[in-house]
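For reference, upload14.tsv is printed below; it contains TSV, C-alpha atoms and all ligand atoms.
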chain	number	residue	atom	x	y	z
R	1	MET	CA	8.32	-50.96	-10.03
R	2	ALA	CA	7.16	-47.38	-10.24
R	3	THR	CA	9.01	-45.01	-12.46
R	4	LYS	CA	9.87	-41.68	-10.92
R	5	LYS	CA	8.83	-38.62	-12.80
R	6	PRO	CA	11.61	-36.40	-14.05
R	7	ALA	CA	12.54	-33.65	-11.64
R	8	LYS	CA	11.90	-30.99	-14.22
R	9	ILE	CA	8.14	-31.54	-13.97
R	10	ALA	CA	8.16	-30.67	-10.27
R	11	SER	CA	10.22	-27.53	-10.77
R	12	ALA	CA	8.28	-26.35	-13.82
R	13	LYS	CA	5.44	-25.17	-11.61
R	14	LYS	CA	7.63	-22.53	-10.01
R	15	GLY	CA	8.14	-20.39	-13.06
R	16	LYS	CA	10.85	-17.81	-13.06
R	17	GLY	CA	9.46	-14.48	-11.96
R	18	TRP	CA	7.27	-15.94	-9.25
R	19	VAL	CA	10.05	-16.72	-6.84
R	20	ARG	CA	12.04	-13.88	-5.45
R	21	THR	CA	14.65	-13.62	-2.74
R	22	CYS	CA	14.55	-10.82	-0.20
R	23	PRO	CA	17.36	-8.30	-0.84
R	24	ALA	CA	17.65	-7.68	2.89
R	25	CYS	CA	17.66	-11.15	4.48
R	26	ASN	CA	17.62	-13.65	1.57
R	27	SER	CA	14.33	-15.24	2.67
R	28	ASP	CA	11.74	-16.24	0.10
R	29	MET	CA	9.31	-13.54	-0.92
R	30	ALA	CA	5.65	-13.94	-1.87
R	31	MET	CA	3.39	-11.82	-4.06
R	32	ALA	CA	0.93	-9.90	-1.93
R	33	LYS	CA	-1.61	-7.20	-2.56
R	34	ILE	CA	-0.72	-4.30	-0.32
R	35	LEU	CA	-3.06	-1.41	0.35
R	36	ARG	CA	-1.46	1.61	1.90
R	37	VAL	CA	-2.84	5.06	2.56
R	38	GLU	CA	0.34	7.10	2.65
R	39	ALA	CA	2.25	5.24	-0.04
R	40	SER	CA	1.61	3.44	-3.29
R	41	SER	CA	-0.68	0.41	-3.25
R	42	GLY	CA	-0.78	-2.62	-5.49
R	43	MET	CA	1.01	-5.91	-5.92
R	44	PHE	CA	4.26	-6.19	-4.02
R	45	TRP	CA	6.74	-8.86	-3.13
R	46	LEU	CA	6.56	-9.32	0.63
R	47	CYS	CA	9.37	-10.98	2.55
R	48	SER	CA	8.22	-14.16	4.31
R	49	ASN	CA	10.41	-13.31	7.29
R	50	ALA	CA	8.04	-11.73	9.82
R	51	SER	CA	10.83	-9.71	11.42
R	52	CYS	CA	11.92	-8.31	8.06
R	53	ASN	CA	8.77	-7.51	6.01
R	54	THR	CA	10.73	-5.93	3.21
R	55	LEU	CA	8.61	-4.87	0.24
R	56	VAL	CA	9.72	-4.92	-3.37
R	57	THR	CA	7.52	-3.64	-6.16
R	58	SER	CA	6.37	-6.02	-8.88
R	59	ALA	CA	8.84	-4.22	-11.14
R	60	GLY	CA	11.68	-5.13	-8.79
R	61	ALA	CA	12.30	-1.82	-7.06
R	62	ASN	CA	12.79	-1.73	-3.31
R	63	ALA	CA	9.64	-0.29	-1.71
R	64	GLY	CA	10.80	-0.16	1.90
R	65	VAL	CA	9.45	-2.15	4.84
R	66	LEU	CA	5.82	-2.99	5.49
R	67	ASP	CA	4.73	-1.22	8.66
R	68	LEU	CA	2.47	-3.61	10.55
R	69	LYS	CA	0.68	-1.94	13.41
N	101	ZN	ZN	13.57	-10.07	4.27

Could I get this file's structure written as structure tokens?
Ligand SMILES: [Zn+2]
Amino acid sequence: MATKKPAKIASAKKGKGWVRTCPACNSDMAMAKILRVEASSGMFWLCSNASCNTLVTSAGANAGVLDLK
């Protein structure tokens, strides 16, 4: 009979600070390196919702919406 591992091991991988919820639509956000010409570039949280694309800076400030052309 196999012993199940404690749930805390599975959740320990997702450390706090690496999971963020979109302030606009509550979808999960992912860290992404964004390069922009007319605005600041660097590491941003990017909303995983393709119709939202909200950006949040790594410091947590709202950075608007990614303009995909
Ligand atoms: Zn969103």

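Distances from R:Ala24, R:Val37, R:Ala30, R:Gly42 to R:Val65 were compared using only C-alpha atoms, and the smallest one belongs to R:Ala24.
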
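One distance worth recording is that between atom CA of R:Leu66 and atom CA of R:Cys52, which is 8.5 Å.
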
Report task. Would you list the contacts of R:Asn49 as number ranges by chain, taking every protein, DNA or RNA residue within 12 Å and counting only C-alpha atoms, but skipping same-chain residues closer than 2 positions in sequence? Result -> R: 21-30, 45-47, 51-55, 65-66

Just the selected residues (C-alpha atoms), exported as an mmCIF file, in the coordinates of the input, please.
data_model
loop_
_atom_site.group_PDB
_atom_site.id
_atom_site.type_symbol
_atom_site.label_atom_id
_atom_site.label_comp_id
_atom_site.auth_asym_id
_atom_site.auth_seq_id
_atom_site.Cartn_x
_atom_site.Cartn_y
_atom_site.Cartn_z
ATOM 1 C CA THR R 21 14.650 -13.620 -2.740
ATOM 2 C CA CYS R 22 14.550 -10.820 -0.200
ATOM 3 C CA PRO R 23 17.360 -8.300 -0.840
ATOM 4 C CA ALA R 24 17.650 -7.680 2.890
ATOM 5 C CA CYS R 25 17.660 -11.150 4.480
ATOM 6 C CA ASN R 26 17.620 -13.650 1.570
ATOM 7 C CA SER R 27 14.330 -15.240 2.670
ATOM 8 C CA ASP R 28 11.740 -16.240 0.100
ATOM 9 C CA MET R 29 9.310 -13.540 -0.920
ATOM 10 C CA ALA R 30 5.650 -13.940 -1.870
ATOM 11 C CA TRP R 45 6.740 -8.860 -3.130
ATOM 12 C CA LEU R 46 6.560 -9.320 0.630
ATOM 13 C CA CYS R 47 9.370 -10.980 2.550
ATOM 14 C CA SER R 51 10.830 -9.710 11.420
ATOM 15 C CA CYS R 52 11.920 -8.310 8.060
ATOM 16 C CA ASN R 53 8.770 -7.510 6.010
ATOM 17 C CA THR R 54 10.730 -5.930 3.210
ATOM 18 C CA LEU R 55 8.610 -4.870 0.240
ATOM 19 C CA VAL R 65 9.450 -2.150 4.840
ATOM 20 C CA LEU R 66 5.820 -2.990 5.490
#

Query raised in the report: For the atom pair atom CA of R:Ser41 and atom CA of R:Val19, what is the interatomic distance in Å to one decimal place?
Result: 20.5 Å

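Take atom CA of R:Met43 and atom CA of R:Ala61: the distance between them is 12.1 Å.
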
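Among the candidates R:Arg20, R:Ala32, R:Thr3, R:Ser40, the one nearest to ligand ZN 101 (chain N) when counting only C-alpha atoms and all ligand atoms is R:Arg20.
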
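In this comparison, which uses all atoms listed in the file, the residue of R:Ala39, R:Ala59, R:Ala50, R:Ile34 approaching ligand ZN 101 (chain N) most closely is R:Ala50.
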